[in-house]
Amino acid sequence: MHKILPSPPLSLALFVVWLLLNQSLHAATMVFAAILAVVVPLITQGLRPAAVRMRRPGVALRLAGIVLHDLLHSALMVGRALLTRRTPQIRSAFVEIPLTVRDPNALAVLAMIFCLAPGTAWGEVSLDRSRLLLHVFDLEDEAAFIEMVRTRYERPLMEIFES
């Protein structure tokens, strides 16, 4: 079974997303969703990092809640700043964040968090994975932002992927 479905969660996600995008439960749509759910993980198998072994699912659920809260908060703050402040009042900056986490899966999740969050953009991670460069739309306190990243995202990711 592992040869046909190398990543069952990815297959399930592809199947569900295809049905949602098409907004249909028609037989042809479901057959095509099943084909995608089998074929895409097979052809992208070499692109994925090492197999994911989630060690603390409770921490993962708590992190998901934190991320959803932060995404909503960030969207509201960016929207408010765009609507109420002039461009010179917005303090955009690049921030270099020292990283402790090294697991490629954890770094991939961290990248997704920052790519989804309004007001942040992933710049790069150093070759040795020790530093992350982020662009922040409106940075008030660099040290506080770095500490927030470390406590809210990096530590839980280390618990989930590296413990």
# chains A, B, ... in the order shown; residues from 1 in each chain; ligands from 1

$ residues_around --residues "Gly119 in chain A" --least-positions-apart "4" --cutoff "7 Å" --atoms "only C-alpha atoms" --output "list in words"
Ser74, Val78, Val136 and Phe137 of chain A

$ write_last_selection --atoms "N, CA, C and O atoms" --output "compact mmCIF listing (two decimals), in the first residue's frame"
# COMPACT_ATOMS: atom_id res chain seq x y z
N SER A 74 -2.62 39.41 12.32
CA SER A 74 -1.74 40.05 11.35
C SER A 74 -2.55 40.70 10.22
O SER A 74 -2.25 41.82 9.80
N VAL A 78 -2.29 44.67 9.53
CA VAL A 78 -1.81 45.16 8.23
C VAL A 78 -2.91 45.99 7.56
O VAL A 78 -2.66 47.07 7.02
N VAL A 136 9.53 42.26 7.22
CA VAL A 136 8.37 42.55 8.06
C VAL A 136 7.79 43.89 7.60
O VAL A 136 8.51 44.88 7.47
N PHE A 137 6.49 43.91 7.37
CA PHE A 137 5.78 45.09 6.86
C PHE A 137 5.89 46.28 7.81
O PHE A 137 6.14 47.39 7.39

$ residues_around --residues "Pro57 in chain A" --least-positions-apart "2" --cutoff "12 Å" --atoms "only C-alpha atoms" --output "number ranges by chain"
A: 53-55, 59-64, 156-157, 159-161

$ write_last_selection --atoms "C-alpha atoms" --output "CSV table (one decimal), in the first residue's frame"
chain,number,residue,atom,x,y,z
A,53,ARG,CA,7.7,11.8,12.2
A,54,MET,CA,5.5,14.0,14.4
A,55,ARG,CA,6.4,13.4,18.0
A,59,VAL,CA,1.8,20.6,20.5
A,60,ALA,CA,1.0,20.6,16.7
A,61,LEU,CA,-2.7,21.3,17.4
A,62,ARG,CA,-1.8,24.1,19.9
A,63,LEU,CA,0.6,25.5,17.3
A,64,ALA,CA,-2.1,25.4,14.6
A,156,PRO,CA,6.9,24.3,19.3
A,157,LEU,CA,8.3,23.2,15.9
A,159,GLU,CA,9.1,19.9,20.1
A,160,ILE,CA,7.1,18.5,17.2
A,161,PHE,CA,9.9,17.5,14.8

$ atom_distance --atom1 "CA of Tyr153 in chain A" --atom2 "CA of Glu124 in chain A"
16.9 Å

$ select_by_dssp --residues "range 42-161 of chain A" --states "helix (DSSP H, G or I)" --output "ChimeraX atom specification"
/A:42-43,45-47,57-84,87-89,104-116,142-161

$ atom_distance --atom1 "CA of His135 in chain A" --atom2 "CA of Ser92 in chain A"
7.3 Å

$ atom_distance --atom1 "CA of Leu20 in chain A" --atom2 "CA of His73 in chain A"
26.1 Å

$ residues_around --residues "Arg129 in chain A" --least-positions-apart "5" --cutoff "9 Å" --atoms "only C-alpha atoms" --output "ChimeraX atom specification"
/A:98-104,107

$ select_by_dssp --residues "chain A" --states "strand (DSSP E)" --output "VMD selection string"
chain A and resid 93 to 98 120 to 125 131 to 136

$ write_last_selection --atoms "C-alpha atoms" --output "short mmCIF file (atom, residue, chain, number, x, y, z; two decimals), in the first residue's frame"
data_model
loop_
_atom_site.label_atom_id
_atom_site.label_comp_id
_atom_site.auth_asym_id
_atom_site.auth_seq_id
_atom_site.Cartn_x
_atom_site.Cartn_y
_atom_site.Cartn_z
CA ALA A 93 12.44 46.16 7.68
CA PHE A 94 14.41 43.02 7.09
CA VAL A 95 15.00 41.04 10.26
CA GLU A 96 17.69 38.40 10.68
CA ILE A 97 16.53 35.74 13.12
CA PRO A 98 18.99 33.27 14.63
CA THR A 120 5.78 39.02 6.52
CA ALA A 121 7.74 37.54 3.67
CA TRP A 122 10.33 34.76 3.87
CA GLY A 123 13.60 36.08 2.50
CA GLU A 124 16.07 33.26 2.87
CA VAL A 125 17.53 30.76 5.25
CA ARG A 131 19.77 32.26 10.31
CA LEU A 132 16.48 33.29 8.75
CA LEU A 133 15.95 36.54 6.87
CA LEU A 134 12.38 37.88 6.98
CA HIS A 135 10.84 41.02 5.63
CA VAL A 136 8.37 42.55 8.06
#

$ closest_residue --among "A:Pro41, A:Arg91, A:Thr151, A:Lys3" --to "Phe15 in chain A" --atoms "only C-alpha atoms"
A:Pro41

$ closest_residue --among "A:Met158, A:Ile4, A:Ala106, A:Val149" --to "Ile66 in chain A" --atoms "only C-alpha atoms"
A:Val149

$ residues_around --residues "Leu42 in chain A" --least-positions-apart "3" --cutoff "12 Å" --atoms "only C-alpha atoms" --output "list in words"
His2, Lys3, Ile4, Leu5, Pro6, Ser7, Pro8, Leu10, Ser11, Ile35, Leu36, Ala37, Val38, Val39, Gln45, Gly46, Leu47 and Arg48 of chain A
